[in-house]
file data-v7.txt (compact mmCIF, C-alpha atoms)
# COMPACT_ATOMS: atom_id res chain seq x y z
CA MET A 1 219.76 219.71 83.24
CA ALA A 2 222.54 222.33 83.37
CA PHE A 3 221.96 225.56 85.24
CA ALA A 4 223.31 228.99 84.37
CA ARG A 5 223.55 229.99 88.03
CA PRO A 6 222.26 228.49 91.30
CA LEU A 7 219.19 229.70 93.12
CA LEU A 8 219.96 231.32 96.43
CA ARG A 9 219.37 229.11 99.43
CA ARG A 10 219.57 232.04 101.87
CA PRO A 11 218.01 235.53 102.10
CA LEU A 12 219.21 238.09 99.60
CA SER A 13 222.41 239.81 100.72
CA GLY A 14 222.84 243.54 101.13
CA GLN A 15 225.48 243.50 98.41
CA LEU A 16 223.08 242.02 95.92
CA LEU A 17 220.35 244.44 96.92
CA GLY A 18 222.72 247.28 96.17
CA ARG A 19 223.05 246.13 92.58
CA ARG A 20 219.72 247.62 91.64
CA GLY A 21 220.75 247.84 88.00
CA VAL A 22 221.00 244.07 87.72
CA CYS A 23 217.45 243.52 88.84
CA ALA A 24 215.78 246.71 87.73
CA GLY A 25 217.32 246.59 84.26
CA ALA A 26 215.64 243.26 83.54
CA MET A 27 212.38 244.29 85.14
CA ALA A 28 209.21 243.72 83.13
CA PRO A 29 206.44 246.34 82.81
CA PRO A 30 204.40 246.87 85.99
CA ARG A 31 202.37 243.81 86.85
CA ARG A 32 199.96 243.03 89.62
CA PHE A 33 198.88 239.77 91.16
CA VAL A 34 195.80 238.67 93.04
CA LEU A 35 196.02 235.64 95.29
CA GLU A 36 192.94 233.73 96.45
CA LEU A 37 193.35 232.72 100.08
CA PRO A 38 191.75 229.64 101.68
CA ASP A 39 189.02 231.79 103.27
CA CYS A 40 188.02 233.14 99.80
CA THR A 41 189.47 236.59 100.48
CA LEU A 42 191.88 238.13 97.97
CA ALA A 43 195.34 239.58 98.52
CA HIS A 44 196.74 241.94 95.87
CA PHE A 45 200.42 242.69 95.35
CA ALA A 46 202.57 244.33 92.70
CA LEU A 47 206.07 243.97 91.31
CA GLY A 48 208.74 246.52 90.66
CA ALA A 49 207.65 249.75 89.07
CA ASP A 50 204.28 249.89 90.79
CA ASP A 51 204.17 252.53 93.51
CA PRO A 52 203.63 250.86 96.89
CA GLY A 53 202.29 254.15 98.21
CA ASP A 54 198.92 253.65 96.52
CA ALA A 55 198.06 250.84 98.95
CA ASP A 56 196.63 251.68 102.36
CA ALA A 57 199.13 249.57 104.28
CA PRO A 58 201.31 246.45 103.82
CA ASP A 59 199.24 243.28 103.81
CA PRO A 60 200.61 240.99 106.56
CA ARG A 61 199.14 238.01 104.74
CA LEU A 62 201.70 238.43 101.95
CA ALA A 63 204.69 238.01 104.26
CA ALA A 64 203.02 234.95 105.78
CA LEU A 65 202.41 233.37 102.36
CA LEU A 66 205.45 234.52 100.38
CA GLY A 67 208.21 234.85 102.96
CA PRO A 68 210.29 232.40 105.05
CA PRO A 69 210.56 229.96 106.68
CA GLU A 70 208.64 228.22 103.89
CA ARG A 71 209.36 228.71 100.19
CA SER A 72 206.80 230.04 97.69
CA TYR A 73 206.78 229.87 93.90
CA SER A 74 204.51 231.43 91.31
CA LEU A 75 203.67 229.77 88.02
CA CYS A 76 201.66 231.79 85.48
CA VAL A 77 200.61 231.05 81.90
CA PRO A 78 201.13 234.16 79.74
CA VAL A 79 198.42 235.50 77.46
CA THR A 80 198.39 238.93 75.84
CA PRO A 81 195.38 241.29 76.05
CA ASP A 82 194.82 241.01 72.28
CA ALA A 83 195.24 237.22 72.18
CA GLY A 84 192.93 235.42 69.79
CA CYS A 85 190.95 232.25 70.40
CA GLY A 86 193.82 229.97 69.49
CA ALA A 87 196.18 231.52 72.03
CA ARG A 88 193.53 231.51 74.75
CA VAL A 89 192.69 227.85 74.14
CA ARG A 90 196.37 226.86 74.23
CA ALA A 91 196.92 228.83 77.44
CA ALA A 92 193.86 227.26 79.07
CA ARG A 93 194.96 223.73 78.15
CA LEU A 94 198.47 224.38 79.51
CA HIS A 95 197.00 225.78 82.73
CA GLN A 96 194.88 222.65 83.19
CA ARG A 97 197.84 220.37 82.44
CA LEU A 98 199.95 222.21 85.01
CA LEU A 99 197.17 221.88 87.57
CA HIS A 100 197.14 218.10 87.15
CA GLN A 101 200.94 217.93 87.42
CA LEU A 102 201.05 220.16 90.51
CA ARG A 103 198.85 217.67 92.34
CA ARG A 104 201.36 214.84 91.97
CA GLY A 105 204.85 213.85 93.06
CA PRO A 106 206.79 216.19 95.36
CA PHE A 107 204.11 218.86 94.96
CA GLN A 108 201.57 216.88 96.99
CA ARG A 109 202.97 218.21 100.25
CA CYS A 110 202.69 221.82 99.02
CA GLN A 111 199.82 224.23 99.49
CA LEU A 112 198.36 225.16 96.09
CA LEU A 113 196.55 228.49 95.74
CA ARG A 114 194.93 230.21 92.79
CA LEU A 115 196.93 233.17 91.41
CA LEU A 116 196.11 235.71 88.71
CA CYS A 117 198.59 238.06 87.05
CA TYR A 118 197.14 241.20 85.48
CA CYS A 119 197.92 244.71 84.28
CA PRO A 120 196.51 247.62 86.30
CA GLY A 121 193.84 249.80 84.76
CA GLY A 122 191.10 247.27 84.05
CA GLN A 123 192.63 245.87 80.86
CA ALA A 124 191.85 242.43 79.49
CA GLY A 125 194.53 239.75 79.42
CA ALA A 126 194.63 238.36 82.97
CA GLN A 127 197.00 235.40 83.22
CA GLN A 128 195.90 232.30 85.11
CA GLY A 129 198.39 230.71 87.45
CA PHE A 130 199.25 229.15 90.80
CA LEU A 131 201.11 229.91 94.00
CA LEU A 132 202.91 226.88 95.38
CA ARG A 133 203.88 227.04 99.06
CA ASP A 134 206.46 224.41 100.06
CA PRO A 135 206.41 223.89 103.85
CA LEU A 136 209.80 222.13 103.79
CA ASP A 137 211.60 224.44 101.32
CA GLY A 138 212.89 221.26 99.72
CA PRO A 139 215.31 221.18 96.75
CA ASP A 140 213.23 218.44 95.13
CA THR A 141 210.29 220.86 94.77
CA ARG A 142 212.49 223.43 93.03
CA GLN A 143 214.03 220.79 90.79
CA ALA A 144 210.61 219.41 89.85
CA LEU A 145 209.36 222.92 88.98
CA LEU A 146 212.36 223.57 86.76
CA GLU A 147 211.85 220.25 85.01
CA LEU A 148 208.19 221.14 84.56
CA LEU A 149 209.22 224.47 83.06
CA GLY A 150 211.77 222.85 80.78
CA ALA A 151 209.21 220.32 79.51
CA CYS A 152 206.99 223.13 78.16
CA GLN A 153 208.54 223.59 74.72
CA GLU A 154 205.57 225.09 72.90
CA ALA A 155 204.13 228.57 73.37
CA PRO A 156 202.83 229.81 75.66
CA ARG A 157 205.59 228.90 78.11
CA PRO A 158 204.80 229.45 81.77
CA HIS A 159 206.69 231.96 83.92
CA LEU A 160 208.27 230.63 87.10
CA GLY A 161 208.82 233.03 89.97
CA GLU A 162 210.55 232.38 93.28
CA PHE A 163 209.94 234.57 96.34
CA GLU A 164 212.69 235.50 98.79
CA ALA A 165 213.13 237.91 101.69
CA ASP A 166 216.11 240.18 102.34
CA PRO A 167 217.56 240.91 105.81
CA ARG A 168 215.18 243.86 106.20
CA GLY A 169 212.16 241.62 105.63
CA GLN A 170 211.36 243.01 102.19
CA LEU A 171 210.03 240.48 99.67
CA TRP A 172 211.47 239.96 96.19
CA GLN A 173 210.49 237.83 93.25
CA ARG A 174 213.00 236.33 90.84
CA LEU A 175 211.60 235.28 87.45
CA TRP A 176 213.20 232.28 85.74
CA GLU A 177 213.16 230.68 82.31
CA VAL A 178 214.67 227.42 81.09
CA GLN A 179 216.35 227.64 77.67
CA ASP A 180 218.24 224.71 76.12
CA GLY A 181 218.33 223.00 79.49
CA ARG A 182 219.80 226.06 81.24
CA ARG A 183 217.97 228.09 83.84
CA LEU A 184 218.16 231.85 83.28
CA GLN A 185 217.05 234.68 85.53
CA VAL A 186 215.07 237.11 83.36
CA ALA A 187 213.71 239.52 85.97
CA CYS A 188 213.96 240.51 89.61
CA ALA A 189 211.54 242.87 91.36
CA GLN A 190 210.44 243.86 94.81
CA VAL A 191 207.04 242.65 95.99
CA VAL A 192 204.89 245.51 97.26
CA PRO A 193 201.24 245.62 98.38
CA ALA A 194 198.66 246.87 95.87
CA PRO A 195 195.12 248.18 96.29
CA GLU A 196 192.14 246.12 95.22
CA PRO A 197 190.85 247.35 91.83
CA PRO A 198 187.19 248.44 91.43
CA LEU A 199 186.45 245.31 89.36
CA HIS A 200 187.88 241.83 89.76
CA PRO A 201 190.74 241.66 87.20
CA VAL A 202 189.26 238.68 85.35
CA VAL A 203 185.97 240.47 84.55
CA PRO A 204 187.24 242.21 81.35
CA ASP A 205 188.16 238.77 79.97
CA LEU A 206 184.79 237.08 80.59
CA PRO A 207 183.23 237.88 77.16
CA SER A 208 186.21 236.40 75.32
CA SER A 209 186.72 233.38 77.53
CA VAL A 210 183.56 232.04 79.18
CA VAL A 211 180.45 234.26 78.89
CA PHE A 212 180.32 234.59 75.13
CA PRO A 213 178.18 237.52 73.92
CA ASP A 214 177.13 235.83 70.66
CA ARG A 215 177.16 232.61 68.71
CA GLU A 216 180.25 233.40 66.63
CA ALA A 217 182.42 234.05 69.69
CA ALA A 218 181.65 230.60 71.08
CA ARG A 219 181.94 229.00 67.66
CA ALA A 220 185.44 230.39 67.15
CA VAL A 221 186.63 228.63 70.31
CA LEU A 222 185.39 225.19 69.27
CA GLU A 223 186.87 225.73 65.81
CA GLU A 224 190.28 225.87 67.51
CA CYS A 225 189.58 222.51 69.19
CA THR A 226 188.76 220.35 66.19
CA SER A 227 192.34 219.05 65.86
CA PHE A 228 192.35 217.45 69.33
CA ILE A 229 188.61 216.99 70.09
CA PRO A 230 186.95 215.23 67.13
CA GLU A 231 183.51 215.79 68.69
CA ALA A 232 184.03 219.57 68.37
CA ARG A 233 183.59 219.30 64.60
CA ALA A 234 180.37 217.35 65.08
CA VAL A 235 179.03 220.06 67.39
CA LEU A 236 179.97 222.78 64.89
CA ASP A 237 178.26 220.91 62.07
CA LEU A 238 175.04 220.76 64.10
CA VAL A 239 175.29 224.47 64.96
CA ASP A 240 175.87 225.40 61.33
CA GLN A 241 172.63 223.64 60.40
CA CYS A 242 170.72 226.08 62.64
CA PRO A 243 169.56 229.39 61.14
CA LYS A 244 171.39 232.40 62.57
CA GLN A 245 168.18 234.37 62.98
CA VAL A 246 165.22 232.50 64.49
CA GLN A 247 161.86 233.79 65.66
CA LYS A 248 159.71 232.48 68.48
CA GLY A 249 156.32 231.09 67.49
CA LYS A 250 152.95 232.22 68.83
CA PHE A 251 153.02 229.91 71.86
CA GLN A 252 154.65 230.67 75.19
CA VAL A 253 158.24 229.66 75.99
CA VAL A 254 159.25 229.16 79.64
CA ALA A 255 162.78 228.36 80.84
CA ILE A 256 163.17 226.76 84.27
CA GLU A 257 166.51 227.17 86.04
CA GLY A 258 167.92 226.02 89.35
CA LEU A 259 170.77 224.25 91.07
CA ASP A 260 170.80 220.47 91.09
CA ALA A 261 168.36 218.91 93.58
CA THR A 262 166.01 221.91 93.61
CA GLY A 263 163.30 219.82 91.94
CA LYS A 264 163.91 221.22 88.48
CA THR A 265 163.55 217.95 86.57
CA THR A 266 160.31 217.04 88.34
CA VAL A 267 158.82 220.52 87.95
CA THR A 268 159.71 220.89 84.28
CA GLN A 269 158.13 217.52 83.46
CA SER A 270 155.01 218.27 85.51
CA VAL A 271 154.59 221.72 83.96
CA ALA A 272 155.05 220.33 80.46
CA ASP A 273 152.41 217.68 81.15
CA SER A 274 149.96 220.21 82.61
CA LEU A 275 150.32 222.63 79.68
CA LYS A 276 150.61 219.92 77.03
CA ALA A 277 153.90 221.58 76.16
CA VAL A 278 157.04 220.31 74.46
CA LEU A 279 159.89 219.77 76.93
CA LEU A 280 163.37 220.68 75.71
CA LYS A 281 166.70 220.51 77.53
CA SER A 282 169.97 222.39 77.28
CA PRO A 283 172.33 220.98 76.22
CA PRO A 284 170.06 219.23 73.72
CA SER A 285 170.09 215.45 73.32
CA CYS A 286 171.89 215.67 69.97
CA ILE A 287 175.07 216.84 71.74
CA GLY A 288 174.32 215.62 75.27
CA GLN A 289 176.22 212.41 74.55
CA TRP A 290 179.45 214.45 74.50
CA ARG A 291 178.98 216.30 77.79
CA LYS A 292 181.52 214.18 79.67
CA ILE A 293 184.17 214.88 77.02
CA PHE A 294 183.73 218.65 77.23
CA ASP A 295 183.27 218.70 81.01
CA ASP A 296 186.83 217.41 81.30
CA GLU A 297 188.19 220.29 79.20
CA PRO A 298 189.27 223.77 80.43
CA THR A 299 186.56 226.30 81.18
CA ILE A 300 186.83 228.21 77.89
CA ILE A 301 186.18 225.02 75.89
CA ARG A 302 183.51 223.70 78.24
CA ARG A 303 181.60 227.01 78.16
CA ALA A 304 181.82 227.27 74.37
CA PHE A 305 180.24 223.82 74.13
CA TYR A 306 177.34 224.76 76.43
CA SER A 307 176.90 228.15 74.76
CA LEU A 308 176.54 226.56 71.32
CA GLY A 309 174.12 224.05 72.82
CA ASN A 310 171.87 226.99 73.67
CA TYR A 311 171.80 228.09 70.03
CA ILE A 312 170.83 224.58 68.93
CA VAL A 313 168.05 224.63 71.54
CA ALA A 314 166.97 228.06 70.25
CA SER A 315 166.45 226.56 66.81
CA GLU A 316 164.32 223.79 68.35
CA ILE A 317 162.34 226.35 70.38
CA ALA A 318 161.56 228.36 67.26
CA LYS A 319 160.19 225.27 65.51
CA GLU A 320 158.21 223.84 68.43
CA SER A 321 156.74 227.13 69.71
CA ALA A 322 154.90 227.53 66.43
CA LYS A 323 152.82 224.46 67.38
CA SER A 324 152.59 224.36 71.19
CA PRO A 325 153.96 225.86 74.42
CA VAL A 326 157.62 225.05 75.16
CA ILE A 327 159.26 224.35 78.52
CA VAL A 328 163.09 224.48 78.57
CA ASP A 329 165.08 222.68 81.27
CA ARG A 330 167.97 225.16 81.67
CA TYR A 331 169.08 227.69 79.09
CA TRP A 332 171.58 230.56 78.77
CA HIS A 333 171.36 231.67 82.40
CA SER A 334 172.84 228.38 83.60
CA THR A 335 175.73 228.65 81.15
CA ALA A 336 176.55 232.20 82.25
CA THR A 337 176.10 231.88 86.01
CA TYR A 338 178.30 228.82 86.43
CA ALA A 339 180.97 230.40 84.23
CA ILE A 340 181.01 233.64 86.23
CA ALA A 341 181.11 231.84 89.58
CA THR A 342 183.96 229.61 88.39
CA GLU A 343 186.16 232.30 86.86
CA VAL A 344 185.76 235.08 89.43
CA SER A 345 187.88 234.11 92.43
CA GLY A 346 187.11 235.27 95.94
CA GLY A 347 183.71 235.76 97.56
CA LEU A 348 180.36 237.28 96.68
CA GLN A 349 181.72 240.81 96.88
CA HIS A 350 184.08 240.11 93.98
CA LEU A 351 181.35 239.24 91.46
CA PRO A 352 180.66 241.81 88.72
CA PRO A 353 178.22 244.39 90.14
CA ALA A 354 174.51 244.29 89.34
CA HIS A 355 173.65 245.62 85.85
CA HIS A 356 177.11 244.79 84.50
CA PRO A 357 176.98 243.89 80.76
CA VAL A 358 178.09 240.31 81.53
CA TYR A 359 174.61 239.67 82.97
CA GLN A 360 172.83 240.71 79.74
CA TRP A 361 171.17 238.14 77.47
CA PRO A 362 172.97 237.72 74.08
CA GLU A 363 171.28 239.76 71.37
CA ASP A 364 171.41 236.93 68.82
CA LEU A 365 169.86 234.25 71.08
CA LEU A 366 166.11 233.61 71.13
CA LYS A 367 164.61 234.81 74.42
CA PRO A 368 161.99 232.92 76.43
CA ASP A 369 158.85 234.71 77.63
CA LEU A 370 159.50 233.75 81.25
CA ILE A 371 162.43 232.40 83.30
CA LEU A 372 161.76 230.73 86.65
CA LEU A 373 164.52 230.07 89.17
CA LEU A 374 163.78 227.25 91.63
CA THR A 375 165.44 227.55 95.03
CA VAL A 376 165.58 225.51 98.24
CA SER A 377 167.58 225.93 101.42
CA PRO A 378 171.18 224.59 101.35
CA GLU A 379 170.25 222.00 104.00
CA GLU A 380 167.32 220.64 102.03
CA ARG A 381 169.26 220.61 98.77
CA LEU A 382 172.05 218.61 100.42
CA GLN A 383 169.53 216.14 101.85
CA ARG A 384 168.01 215.63 98.40
CA LEU A 385 171.44 215.17 96.81
CA GLN A 386 172.39 212.44 99.27
CA GLY A 387 169.49 210.32 98.10
CA ARG A 388 170.18 210.64 94.38
CA GLY A 389 173.35 208.56 94.00
CA MET A 390 174.06 210.00 90.56
CA GLU A 391 177.45 210.74 89.02
CA LYS A 392 178.34 214.39 89.55
CA THR A 393 179.96 216.83 87.16
CA ARG A 394 182.93 218.86 88.36
CA GLU A 395 180.71 221.86 89.06
CA GLU A 396 178.01 219.82 90.81
CA ALA A 397 180.67 218.45 93.16
CA GLU A 398 181.92 222.00 93.74
CA LEU A 399 178.40 223.12 94.66
CA GLU A 400 178.30 220.50 97.40
CA ALA A 401 181.77 221.12 98.76
CA ASN A 402 182.02 224.89 98.45
CA SER A 403 179.24 227.01 99.92
CA VAL A 404 180.83 230.23 98.58
CA PHE A 405 180.75 228.87 95.03
CA ARG A 406 177.08 227.95 95.47
CA GLN A 407 176.27 231.43 96.75
CA LYS A 408 178.08 233.00 93.79
CA VAL A 409 176.03 230.91 91.38
CA GLU A 410 172.79 231.89 93.13
CA MET A 411 173.67 235.60 93.20
CA SER A 412 174.68 235.54 89.52
CA TYR A 413 171.31 233.97 88.69
CA GLN A 414 169.52 236.78 90.50
CA ARG A 415 171.54 239.47 88.69
CA MET A 416 170.68 238.22 85.21
CA GLU A 417 168.75 240.75 83.15
CA ASN A 418 166.78 241.14 79.96
CA PRO A 419 165.14 238.80 80.91
CA GLY A 420 165.67 238.27 84.62
CA CYS A 421 164.62 235.35 86.79
CA HIS A 422 161.42 234.99 88.82
CA VAL A 423 162.47 233.19 92.02
CA VAL A 424 160.24 230.28 93.13
CA ASP A 425 160.57 228.60 96.53
CA ALA A 426 160.64 224.89 95.67
CA SER A 427 160.65 223.71 99.30
CA PRO A 428 156.89 223.00 99.67
CA CYS A 429 155.27 219.82 98.40
CA ARG A 430 155.36 219.09 94.69
CA GLU A 431 151.71 219.98 94.16
CA LYS A 432 152.07 223.41 95.77
CA VAL A 433 155.23 224.22 93.81
CA LEU A 434 153.53 223.17 90.59
CA GLN A 435 150.54 225.36 91.41
CA THR A 436 152.81 228.35 92.03
CA VAL A 437 154.70 227.82 88.78
CA LEU A 438 151.53 227.42 86.72
CA SER A 439 150.12 230.60 88.27
CA LEU A 440 153.24 232.57 87.32
CA ILE A 441 153.10 231.20 83.79
CA GLN A 442 149.43 232.13 83.46
CA ASN A 443 150.08 235.67 84.72
CA SER A 444 152.95 236.02 82.30
CA PHE A 445 150.74 234.79 79.46
CA ASN A 446 148.08 237.36 80.34
CA GLU A 447 150.69 240.14 80.15
CA LEU A 448 151.82 239.16 76.65
call {"tool": "encode", "arguments": {"input": "data-v7.txt", "output": "structure tokens"}}
result
Amino acid sequence: MAFARPLLRRPLSGQLLGRRGVCAGAMAPPRRFVLELPDCTLAHFALGADDPGDADAPDPRLAALLGPPERSYSLCVPVTPDAGCGARVRAARLHQRLLHQLRRGPFQRCQLLRLLCYCPGGQAGAQQGFLLRDPLDGPDTRQALLELLGACQEAPRPHLGEFEADPRGQLWQRLWEVQDGRRLQVACAQVVPAPEPPLHPVVPDLPSSVVFPDREAARAVLEECTSFIPEARAVLDLVDQCPKQVQKGKFQVVAIEGLDATGKTTVTQSVADSLKAVLLKSPPSCIGQWRKIFDDEPTIIRRAFYSLGNYIVASEIAKESAKSPVIVDRYWHSTATYAIATEVSGGLQHLPPAHHPVYQWPEDLLKPDLILLLTVSPEERLQRLQGRGMEKTREEAELEANSVFRQKVEMSYQRMENPGCHVVDASPCREKVLQTVLSLIQNSFNEL
């Protein structure tokens, strides 16, 4: 690969810093970044035209992560605020492919952190990316990144940034592209601290990427996947067989939610037996055979699959509730809570606030009469999981390994509205839990 000019292997010189026109003239519109640190806190910084005076004080964590003696690189996948489903799906697939590549070869020695690029002001269009911290500042890491960049021939093409410090300790980012085998510098901007926005920058994108507000939004995503996931067409065909407007029958419908190993499967079966009810599951059996395929896809595709599964279940609920009570093992709340907890980086404080629209039930999805959320202590849940020996999904494994992720899922469950969840302690013996659940169902029935 031929290079237009070499990357600097030393701090920026005073002479270069004086050539503000070279850097500033190529500077992109103001952009901000949010970096998720290993302790689940977030560090915000800006480039170029942003005013560093709007931050309280410089964040010392930025110098530690972006400055010498190590070398840091940013890699972001561009997506515009008005991007359609096709562009979002392509960006998500590229992001996942980059993640797999950044865990191999010379990158294995590097620290890999989650990075988001966004525009200030609460606009949609956050760009997913990575910060790569090379402890050895090795030329092989830089070369591998440039080769990775050059291999991306189709849009969207990722942006590669390299961070450097000048003699005064100020941080700068150079932005590079590879065109026809030549590396070109396309921007240069100073890194300055930025204040944390009122809402996590990914929240405006949730309705178009993972927490779909209606059936058509989720359907449009899978429509974009039919060329490379044959099963997507089969799912769409099943969805299209379901009426768009369905009505619940005269019998009660109860959805039972909960993390894995909270006793959900046992309770749902016992409740169904006690009430002589039909037991349904989401995703339904007609598409459950393809779960593994979609679980391996990026979040936007995986969530579209589970969202459409809820609409298939809704059609089954409408039919069965005309003849008997219906118990549903998971429903829309599971789809939404896991999506929110996955997409919103950081800790509990970074989740959308209570009563945010993302927690509202979709208007075109049949609602149950009652939603029960089974909970147990983290210690007991872990003990139960150890005895199961079942294959785990990516998110189930994350629940075990990451207590912050588990807490975000639980808090998102509790913030769901219209309808919300009735929390049930599933720690006691099975008989007592069943008695509690049946009592809540009876009380709910009396209120109808």
call {"tool": "closest_atom_pairs", "arguments": {"input": "data-v7.txt", "of": "range 274-347 of chain A", "to": "range 413-424 of chain A", "cutoff": "12 Å", "atoms": "only C-alpha atoms", "output": "JSON lines"}}
result
{"residue": "A:Arg330", "atom": "CA", "partner": "A:Tyr413", "partner_atom": "CA", "distance": 11.7}
{"residue": "A:Tyr331", "atom": "CA", "partner": "A:Tyr413", "partner_atom": "CA", "distance": 11.7}
{"residue": "A:Trp332", "atom": "CA", "partner": "A:Met416", "partner_atom": "CA", "distance": 10.0}
{"residue": "A:His333", "atom": "CA", "partner": "A:Tyr413", "partner_atom": "CA", "distance": 6.7}
{"residue": "A:Ser334", "atom": "CA", "partner": "A:Tyr413", "partner_atom": "CA", "distance": 7.7}
{"residue": "A:Thr335", "atom": "CA", "partner": "A:Tyr413", "partner_atom": "CA", "distance": 10.2}
{"residue": "A:Ala336", "atom": "CA", "partner": "A:Tyr413", "partner_atom": "CA", "distance": 8.5}
{"residue": "A:Thr337", "atom": "CA", "partner": "A:Tyr413", "partner_atom": "CA", "distance": 5.9}
{"residue": "A:Tyr338", "atom": "CA", "partner": "A:Tyr413", "partner_atom": "CA", "distance": 9.0}
{"residue": "A:Ala339", "atom": "CA", "partner": "A:Tyr413", "partner_atom": "CA", "distance": 11.2}
{"residue": "A:Ile340", "atom": "CA", "partner": "A:Tyr413", "partner_atom": "CA", "distance": 10.0}
{"residue": "A:Ala341", "atom": "CA", "partner": "A:Tyr413", "partner_atom": "CA", "distance": 10.1}
call {"tool": "atom_distance", "arguments": {"input": "data-v7.txt", "atom1": "CA of Asn446 in chain A", "atom2": "CA of Val271 in chain A"}}
result
17.3 Å
call {"tool": "residues_around", "arguments": {"input": "data-v7.txt", "residues": "Arg90 in chain A", "least_positions_apart": "3", "cutoff": "12 Å", "atoms": "only C-alpha atoms", "output": "ChimeraX atom specification"}}
result
/A:77-79,83-87,93-97,152,154-158,221,224-225,228,297-298,300-301
call {"tool": "residues_near_point", "arguments": {"input": "data-v7.txt", "point": "(173.5, 223.7, 72.3)", "cutoff": "8 Å", "atoms": "only C-alpha atoms", "output": "list of chain:residue names"}}
result
A:Val239, A:Ser282, A:Pro283, A:Pro284, A:Ile287, A:Phe305, A:Tyr306, A:Ser307, A:Leu308, A:Gly309, A:Asn310, A:Tyr311, A:Ile312, A:Val313
call {"tool": "atom_distance", "arguments": {"input": "data-v7.txt", "atom1": "CA of Leu351 in chain A", "atom2": "CA of Asp296 in chain A"}}
result
24.7 Å
call {"tool": "closest_residue", "arguments": {"input": "data-v7.txt", "among": "A:Val376, A:Ala314, A:Ile327, A:Leu131", "to": "Asp273 in chain A", "atoms": "all atoms listed in the file"}}
result
A:Ile327
call {"tool": "atom_distance", "arguments": {"input": "data-v7.txt", "atom1": "CA of Arg219 in chain A", "atom2": "CA of Asp240 in chain A"}}
result
9.5 Å
